[in-house]
$ cat structure-v3.cif   # mmCIF, C-alpha atoms
data_start
loop_
_atom_site.group_PDB
_atom_site.id
_atom_site.type_symbol
_atom_site.label_atom_id
_atom_site.label_comp_id
_atom_site.auth_asym_id
_atom_site.auth_seq_id
_atom_site.Cartn_x
_atom_site.Cartn_y
_atom_site.Cartn_z
ATOM 1 C CA ILE A 66 -9.414 96.654 -84.976
ATOM 2 C CA GLY A 67 -6.509 99.071 -85.313
ATOM 3 C CA VAL A 68 -2.880 98.034 -85.652
ATOM 4 C CA ILE A 69 -0.540 100.090 -83.479
ATOM 5 C CA ASP A 70 3.103 100.620 -84.412
ATOM 6 C CA GLU A 71 4.865 101.728 -81.235
ATOM 7 C CA THR A 72 8.106 102.397 -83.135
ATOM 8 C CA ASP A 73 6.728 104.927 -85.622
ATOM 9 C CA HIS A 74 3.753 105.861 -83.396
ATOM 10 C CA THR A 75 1.159 105.177 -86.070
ATOM 11 C CA ILE A 76 -2.201 103.425 -86.022
ATOM 12 C CA MET A 77 -3.697 101.847 -89.165
ATOM 13 C CA VAL A 78 -7.337 100.830 -89.556
ATOM 14 C CA ASP A 79 -9.045 99.268 -92.607
ATOM 15 C CA VAL A 80 -12.768 99.779 -93.230
ATOM 16 C CA SER A 81 -15.002 98.294 -95.908
ATOM 17 C CA PHE A 82 -15.627 99.922 -99.282
ATOM 18 C CA GLY A 83 -18.342 102.581 -99.066
ATOM 19 C CA THR A 84 -17.812 103.300 -95.355
ATOM 20 C CA SER A 85 -18.216 106.991 -94.505
ATOM 21 C CA VAL A 86 -15.213 108.201 -92.524
ATOM 22 C CA THR A 87 -16.239 111.851 -92.113
ATOM 23 C CA ALA A 88 -17.735 111.408 -88.620
ATOM 24 C CA VAL A 89 -16.302 108.337 -86.916
ATOM 25 C CA ALA A 90 -16.201 107.746 -83.153
ATOM 26 C CA PRO A 91 -13.335 105.297 -82.502
ATOM 27 C CA THR A 92 -13.276 103.025 -79.484
ATOM 28 C CA PHE A 93 -9.854 103.072 -77.821
ATOM 29 C CA THR A 94 -8.068 102.432 -74.547
ATOM 30 C CA THR A 95 -5.122 104.326 -73.096
ATOM 31 C CA THR A 96 -2.894 104.297 -70.032
ATOM 32 C CA GLY A 97 -2.276 108.042 -70.417
ATOM 33 C CA ALA A 98 -3.902 110.803 -68.392
ATOM 34 C CA SER A 99 -5.686 112.257 -71.435
ATOM 35 C CA VAL A 100 -6.106 111.949 -75.202
ATOM 36 C CA THR A 101 -6.651 115.029 -77.354
ATOM 37 C CA ILE A 102 -6.814 116.171 -80.973
ATOM 38 C CA ASN A 103 -5.787 119.802 -81.498
ATOM 39 C CA GLY A 104 -6.440 120.363 -77.802
ATOM 40 C CA VAL A 105 -9.936 118.825 -77.857
ATOM 41 C CA ALA A 106 -10.434 116.010 -75.341
ATOM 42 C CA GLN A 107 -11.346 112.668 -76.923
ATOM 43 C CA VAL A 108 -13.856 110.293 -75.331
ATOM 44 C CA SER A 109 -13.715 106.675 -76.457
ATOM 45 C CA GLY A 110 -16.760 105.683 -78.495
ATOM 46 C CA THR A 111 -18.217 109.214 -78.290
ATOM 47 C CA THR A 112 -16.047 111.908 -79.885
ATOM 48 C CA THR A 113 -16.319 111.937 -83.668
ATOM 49 C CA ASN A 114 -13.643 113.005 -86.153
ATOM 50 C CA ASN A 115 -13.164 113.207 -89.910
ATOM 51 C CA PHE A 116 -10.697 110.518 -91.014
ATOM 52 C CA THR A 117 -10.638 111.414 -94.707
ATOM 53 C CA ASN A 118 -7.008 112.359 -94.028
ATOM 54 C CA PRO A 119 -4.697 111.092 -91.254
ATOM 55 C CA VAL A 120 -5.567 112.416 -87.796
ATOM 56 C CA THR A 121 -3.001 113.074 -85.044
ATOM 57 C CA TYR A 122 -3.946 112.017 -81.520
ATOM 58 C CA ARG A 123 -1.890 113.340 -78.595
ATOM 59 C CA VAL A 124 -1.561 111.180 -75.490
ATOM 60 C CA THR A 125 -0.540 113.024 -72.335
ATOM 61 C CA ALA A 126 0.999 110.977 -69.528
ATOM 62 C CA GLY A 127 0.544 111.552 -65.827
ATOM 63 C CA ASN A 128 3.874 113.395 -65.639
ATOM 64 C CA GLY A 129 2.831 115.803 -68.389
ATOM 65 C CA THR A 130 4.933 114.327 -71.211
ATOM 66 C CA THR A 131 3.199 113.789 -74.542
ATOM 67 C CA GLN A 132 3.330 111.395 -77.472
ATOM 68 C CA ASP A 133 1.573 111.886 -80.785
ATOM 69 C CA TYR A 134 0.039 109.005 -82.779
ATOM 70 C CA VAL A 135 -0.964 109.438 -86.422
ATOM 71 C CA VAL A 136 -4.156 107.505 -87.153
ATOM 72 C CA THR A 137 -4.862 106.540 -90.775
ATOM 73 C CA VAL A 138 -8.160 104.978 -91.838
ATOM 74 C CA ASN A 139 -7.979 103.121 -95.164
ATOM 75 C CA VAL A 140 -11.212 102.656 -97.091
ATOM 76 C CA LEU A 141 -10.737 99.389 -98.960
ATOM 77 C CA PRO A 142 -11.324 99.248 -102.730
ATOM 78 C CA GLU A 143 -14.629 97.882 -103.964
ATOM 79 C CA GLY A 144 -14.757 94.121 -103.746
ATOM 80 C CA THR A 145 -11.909 93.886 -101.228
ATOM 81 C CA THR A 146 -12.379 91.801 -98.108
ATOM 82 C CA SER A 147 -10.738 92.854 -94.852
ATOM 83 C CA ALA A 148 -9.740 90.417 -92.116
ATOM 84 C CA ASN A 149 -8.335 91.392 -88.723
ATOM 85 C CA LEU A 150 -6.511 88.578 -86.939
ATOM 86 C CA THR A 151 -6.061 88.659 -83.180
ATOM 87 C CA SER A 152 -5.087 86.290 -80.391
ATOM 88 C CA SER A 153 -8.724 85.141 -80.192
ATOM 89 C CA SER A 154 -9.247 84.853 -83.967
ATOM 90 C CA SER A 155 -5.960 83.974 -85.630
ATOM 91 C CA SER A 156 -7.004 82.380 -88.935
ATOM 92 C CA VAL A 157 -8.931 83.403 -92.048
ATOM 93 C CA THR A 158 -10.260 81.124 -94.796
ATOM 94 C CA ILE A 159 -10.123 82.323 -98.414
ATOM 95 C CA THR A 160 -12.413 80.644 -100.914
ATOM 96 C CA SER A 161 -12.375 83.104 -103.849
ATOM 97 C CA SER A 162 -9.427 83.292 -106.243
ATOM 98 C CA THR A 163 -10.548 86.700 -107.554
ATOM 99 C CA GLN A 164 -11.647 88.806 -104.553
ATOM 100 C CA PRO A 165 -8.753 90.817 -103.053
ATOM 101 C CA VAL A 166 -8.084 90.367 -99.334
ATOM 102 C CA ASN A 167 -6.397 92.767 -96.907
ATOM 103 C CA ILE A 168 -5.248 91.027 -93.714
ATOM 104 C CA THR A 169 -4.149 92.885 -90.599
ATOM 105 C CA VAL A 170 -2.431 90.900 -87.851
ATOM 106 C CA ALA A 171 -2.557 92.439 -84.388
ATOM 107 C CA SER A 172 0.452 92.330 -82.092
ATOM 108 C CA GLY A 173 0.561 89.213 -79.944
ATOM 109 C CA THR A 174 -1.401 87.029 -82.374
ATOM 110 C CA ASN A 175 -0.190 83.463 -81.995
ATOM 111 C CA SER A 176 0.337 81.409 -85.181
ATOM 112 C CA PRO A 177 -1.696 83.563 -87.621
ATOM 113 C CA THR A 178 -2.653 81.636 -90.768
ATOM 114 C CA ILE A 179 -4.581 81.728 -94.051
ATOM 115 C CA ASN A 180 -6.472 78.622 -95.117
ATOM 116 C CA ILE A 181 -6.464 78.483 -98.935
ATOM 117 C CA ASP A 182 -7.156 74.761 -99.201
ATOM 118 C CA ALA A 183 -10.303 75.476 -101.254
ATOM 119 C CA LEU A 184 -8.107 77.021 -103.971
ATOM 120 C CA ILE A 185 -5.494 74.248 -104.068
ATOM 121 C CA THR A 186 -5.651 71.016 -106.063
ATOM 122 C CA ASN A 187 -2.765 68.564 -106.002
ATOM 123 C CA GLY A 188 -0.484 71.157 -104.404
ATOM 124 C CA ALA A 189 -1.194 73.946 -106.937
ATOM 125 C CA GLY A 190 -3.745 76.731 -107.372
ATOM 126 C CA SER A 191 -4.383 80.404 -108.130
ATOM 127 C CA LEU A 192 -4.561 83.086 -105.421
ATOM 128 C CA PRO A 193 -6.321 86.465 -105.241
ATOM 129 C CA ALA A 194 -4.455 89.673 -104.438
ATOM 130 C CA ILE A 195 -3.509 89.441 -100.755
ATOM 131 C CA THR A 196 -1.918 92.176 -98.642
ATOM 132 C CA ILE A 197 -0.699 91.268 -95.156
ATOM 133 C CA THR A 198 0.229 93.975 -92.641
ATOM 134 C CA GLY A 199 0.386 94.333 -88.891
ATOM 135 C CA ALA A 200 2.552 94.667 -85.830
ATOM 136 C CA ASN A 201 2.780 90.942 -85.119
ATOM 137 C CA ALA A 202 6.071 90.361 -86.990
ATOM 138 C CA ASN A 203 8.105 93.559 -86.791
ATOM 139 C CA ASN A 204 5.583 95.310 -89.091
ATOM 140 C CA VAL A 205 6.656 93.267 -92.119
ATOM 141 C CA VAL A 206 4.353 93.853 -95.110
ATOM 142 C CA VAL A 207 3.707 91.016 -97.586
ATOM 143 C CA THR A 208 2.056 91.700 -100.951
ATOM 144 C CA ILE A 209 0.860 88.814 -103.123
ATOM 145 C CA PRO A 210 -0.308 89.984 -106.579
ATOM 146 C CA ALA A 211 -3.593 88.856 -108.104
ATOM 147 C CA GLY A 212 -3.346 85.722 -110.186
ATOM 148 C CA THR A 213 -0.316 84.349 -108.366
ATOM 149 C CA THR A 214 -0.215 80.607 -108.876
ATOM 150 C CA VAL A 215 1.253 78.117 -106.433
ATOM 151 C CA ILE A 216 3.227 75.961 -108.857
ATOM 152 C CA SER A 217 4.890 73.587 -106.426
ATOM 153 C CA SER A 218 4.767 72.742 -102.760
ATOM 154 C CA ASP A 219 5.824 70.079 -100.307
ATOM 155 C CA THR A 220 3.760 66.925 -100.731
ATOM 156 C CA SER A 221 2.652 67.219 -97.099
ATOM 157 C CA TRP A 222 1.350 70.780 -97.482
ATOM 158 C CA ASN A 223 -2.244 71.115 -96.275
ATOM 159 C CA GLY A 224 -3.205 74.443 -97.876
ATOM 160 C CA ILE A 225 -2.431 76.467 -94.743
ATOM 161 C CA LEU A 226 -0.213 79.533 -95.175
ATOM 162 C CA THR A 227 1.615 80.765 -92.099
ATOM 163 C CA LEU A 228 1.499 84.561 -91.977
ATOM 164 C CA PRO A 229 4.681 86.414 -90.998
ATOM 165 C CA THR A 230 5.666 85.036 -87.611
ATOM 166 C CA VAL A 231 8.796 85.933 -85.663
ATOM 167 C CA THR A 232 11.255 83.068 -85.469
ATOM 168 C CA THR A 233 15.002 82.618 -85.217
ATOM 169 C CA VAL A 234 17.665 81.170 -87.498
ATOM 170 C CA THR A 235 21.278 80.132 -87.165
ATOM 171 C CA LEU A 236 23.400 82.378 -89.352
ATOM 172 C CA PRO A 237 26.373 80.893 -91.184
ATOM 173 C CA SER A 238 29.892 81.139 -89.792
ATOM 174 C CA ILE A 239 32.087 83.309 -92.029
ATOM 175 C CA SER A 240 35.803 83.775 -91.408
ATOM 176 C CA ASN A 241 36.740 87.244 -90.086
ATOM 177 C CA GLN A 242 33.090 88.326 -89.913
ATOM 178 C CA THR A 243 30.587 88.591 -87.087
ATOM 179 C CA LEU A 244 26.983 88.174 -88.220
ATOM 180 C CA THR A 245 24.206 89.527 -85.988
ATOM 181 C CA LEU A 246 20.579 88.596 -86.571
ATOM 182 C CA ALA A 247 18.283 91.624 -86.988
ATOM 183 C CA SER A 248 14.974 89.852 -87.670
ATOM 184 C CA ALA A 249 13.665 86.517 -88.877
ATOM 185 C CA ILE A 250 10.180 85.563 -90.035
ATOM 186 C CA GLU A 251 8.608 82.295 -91.050
ATOM 187 C CA LEU A 252 6.291 82.704 -94.011
ATOM 188 C CA GLY A 253 4.217 80.137 -95.861
ATOM 189 C CA THR A 254 5.323 76.788 -94.462
ATOM 190 C CA SER A 255 8.280 75.286 -92.668
ATOM 191 C CA GLY A 256 9.228 73.840 -96.050
ATOM 192 C CA SER A 257 8.898 75.782 -99.287
ATOM 193 C CA LEU A 258 6.238 77.103 -101.650
ATOM 194 C CA THR A 259 7.071 78.436 -105.111
ATOM 195 C CA PHE A 260 5.063 80.798 -107.301
ATOM 196 C CA ASN A 261 4.807 81.939 -110.908
ATOM 197 C CA LYS A 262 4.742 85.623 -109.851
ATOM 198 C CA ALA A 263 6.972 87.487 -107.424
ATOM 199 C CA VAL A 264 5.768 88.319 -103.922
ATOM 200 C CA ARG A 265 7.051 91.485 -102.221
ATOM 201 C CA ILE A 266 8.203 91.338 -98.585
ATOM 202 C CA LEU A 267 8.959 94.715 -97.008
ATOM 203 C CA PHE A 268 11.164 94.845 -93.894
ATOM 204 C CA PRO A 269 10.630 98.298 -92.322
ATOM 205 C CA GLY A 270 13.785 100.078 -91.173
ATOM 206 C CA GLN A 271 16.074 97.337 -92.524
ATOM 207 C CA ALA A 272 17.692 99.204 -95.447
ATOM 208 C CA GLY A 273 21.361 98.310 -95.871
ATOM 209 C CA LYS A 274 21.005 94.978 -94.074
ATOM 210 C CA LYS A 275 21.961 91.646 -95.559
ATOM 211 C CA VAL A 276 19.100 89.224 -96.087
ATOM 212 C CA GLY A 277 18.789 85.509 -96.744
ATOM 213 C CA PHE A 278 16.568 82.490 -96.306
ATOM 214 C CA VAL A 279 16.666 78.980 -94.920
ATOM 215 C CA ARG A 280 14.391 75.967 -95.268
ATOM 216 C CA SER A 281 14.358 72.319 -94.417
ATOM 217 C CA GLY A 282 17.160 70.458 -96.101
ATOM 218 C CA ILE A 283 18.874 73.590 -97.462
ATOM 219 C CA SER A 284 21.498 75.607 -95.598
ATOM 220 C CA PHE A 285 21.220 79.363 -95.111
ATOM 221 C CA THR A 286 21.363 81.175 -98.461
ATOM 222 C CA GLU A 287 22.142 84.876 -98.735
ATOM 223 C CA ILE A 288 20.125 86.884 -101.264
ATOM 224 C CA THR A 289 22.836 88.794 -103.125
ATOM 225 C CA ALA A 290 21.028 89.881 -106.306
ATOM 226 C CA THR A 291 19.898 93.516 -106.334
ATOM 227 C CA CYS A 292 16.563 94.272 -108.016
ATOM 228 C CA SER A 293 16.831 96.806 -110.832
ATOM 229 C CA ALA A 294 13.600 98.410 -109.580
ATOM 230 C CA ASP A 295 11.012 97.979 -106.834
ATOM 231 C CA THR A 296 8.238 96.971 -109.244
ATOM 232 C CA GLN A 297 6.072 93.957 -109.963
ATOM 233 C CA PRO A 298 7.371 93.474 -113.551
ATOM 234 C CA THR A 299 10.945 93.440 -112.217
ATOM 235 C CA GLY A 300 10.031 90.828 -109.632
ATOM 236 C CA ASP A 301 8.092 88.738 -112.119
ATOM 237 C CA ALA A 302 11.148 88.623 -114.400
ATOM 238 C CA LEU A 303 13.023 86.606 -111.765
ATOM 239 C CA ALA A 304 13.769 82.985 -112.565
ATOM 240 C CA ALA A 305 11.672 80.283 -110.912
ATOM 241 C CA GLY A 306 12.327 80.184 -107.167
ATOM 242 C CA ALA A 307 14.674 83.209 -107.311
ATOM 243 C CA ASP A 308 14.901 86.368 -105.188
ATOM 244 C CA CYS A 309 16.299 89.892 -105.292
ATOM 245 C CA LYS A 310 16.529 92.748 -102.811
ATOM 246 C CA ILE A 311 16.422 96.553 -102.968
ATOM 247 C CA ASP A 312 16.503 99.386 -100.437
ATOM 248 C CA VAL A 313 13.369 101.547 -100.470
ATOM 249 C CA GLY A 314 14.108 104.624 -98.383
ATOM 250 C CA SER A 315 14.837 103.294 -94.895
ATOM 251 C CA ASP A 316 13.195 99.936 -95.670
ATOM 252 C CA LEU A 317 14.393 96.741 -97.328
ATOM 253 C CA ALA A 318 12.219 95.099 -99.993
ATOM 254 C CA VAL A 319 12.667 91.479 -101.044
ATOM 255 C CA TRP A 320 11.029 90.214 -104.218
ATOM 256 C CA THR A 321 10.749 86.433 -104.146
ATOM 257 C CA LYS A 322 9.101 83.570 -105.963
ATOM 258 C CA HIS A 323 9.065 81.303 -102.936
ATOM 259 C CA PHE A 324 8.006 81.305 -99.280
ATOM 260 C CA THR A 325 10.073 79.953 -96.431
ATOM 261 C CA THR A 326 11.963 81.514 -93.469
ATOM 262 C CA PHE A 327 13.664 84.846 -94.242
ATOM 263 C CA ALA A 328 16.165 86.706 -92.069
ATOM 264 C CA THR A 329 17.860 90.103 -92.104
ATOM 265 C CA TYR A 330 21.220 90.538 -90.445
#
$ encode --input "structure-v3.cif" --output "structure tokens"
Amino acid sequence: IGVIDETDHTIMVDVSFGTSVTAVAPTFTTTGASVTINGVAQVSGTTTNNFTNPVTYRVTAGNGTTQDYVVTVNVLPEGTTSANLTSSSSSVTITSSTQPVNITVASGTNSPTINIDALITNGAGSLPAITITGANANNVVVTIPAGTTVISSDTSWNGILTLPTVTTVTLPSISNQTLTLASAIELGTSGSLTFNKAVRILFPGQAGKKVGFVRSGISFTEITATCSADTQPTGDALAAGADCKIDVGSDLAVWTKHFTTFATY
């Protein structure tokens, strides 16, 4: 299942390690009059192409206007599991603490989750490397490094991680300032989870924005610390439960040692 980004006009597809991508015939649907690559008409499920490098599809509408989409096929590293969540299959269960997992969440997926209960004992446990992408929550990308340990959680936590889901928050009232919400995502639980390693949350197109978090029992807190670099060692050097932010090109990266609801504004 491909993930379509209608803002950047890109399509991302993950395939298992060892998959040959030199002659692939994608299945697709379109509302356009035609779909071509370099002028060659494309037939869903029939026309093959080499996806070793990104391929540009051109969709032509009935009025003759065109829109290009760059399609990238990622061959996953050996030992990596891929899971595609959709409205009909919105949860994945992880039982190995060592096998990396790439999760893609399709647009319109309601309440996507990861069940890691098998890895958690008394509210703590070690996680594999997990990468979460997709169009479901403003294309936010979450990267959990291998060996990340849940070191504390709410006593009521059931081992279910909520994947990035669009929500809303009430921003604080600041004298002589008008704050406007840009995006808000719930991640992890409605309460809080804390980790021994830093998790990276990338907000595409949000460079220069303010960012903060809110959770049950704690008022909205702005993240004011700037990361010295956009690297895992820099994030890991954060104090327990701390965060920092850094602009990465046009995007905003947050390094955090906890999950809750985050908002840019």
$ resolve_selection --input "structure-v3.cif" --expression "the PyMOL selection byres ((chain A and resi 294-305) around 6)" --output "list in words"
Lys262, Ala263, Cys292, Ser293, Gly306, Ala307 and Trp320 of chain A
$ atom_distance --input "structure-v3.cif" --atom1 "atom CA of A:Gly253" --atom2 "atom CA of A:Asn180"
10.8 Å
$ closest_residue --input "structure-v3.cif" --among "A:Val276, A:Ile250, A:Val136, A:Val105" --to "A:Ile69" --atoms "all atoms listed in the file"
A:Val136
$ residues_near_point --input "structure-v3.cif" --point "(13.6, 102.7, -98.9)" --cutoff "9 Å" --atoms "only C-alpha atoms" --output "VMD selection string"
chain A and resid 269 to 272 311 to 318
$ residues_around --input "structure-v3.cif" --residues "A:Leu244" --least-positions-apart "6" --cutoff "10 Å" --atoms "all atoms listed in the file" --output "PDB file with C-alpha atoms, in the frame of the given file"
ATOM      1  CA  THR A 235      21.278  80.132 -87.165  1.00  0.00           C
ATOM      2  CA  LEU A 236      23.400  82.378 -89.352  1.00  0.00           C
ATOM      3  CA  PRO A 237      26.373  80.893 -91.184  1.00  0.00           C
ATOM      4  CA  SER A 238      29.892  81.139 -89.792  1.00  0.00           C
ATOM      5  CA  LYS A 275      21.961  91.646 -95.559  1.00  0.00           C
ATOM      6  CA  TYR A 330      21.220  90.538 -90.445  1.00  0.00           C
TER       7      TYR A 330
END
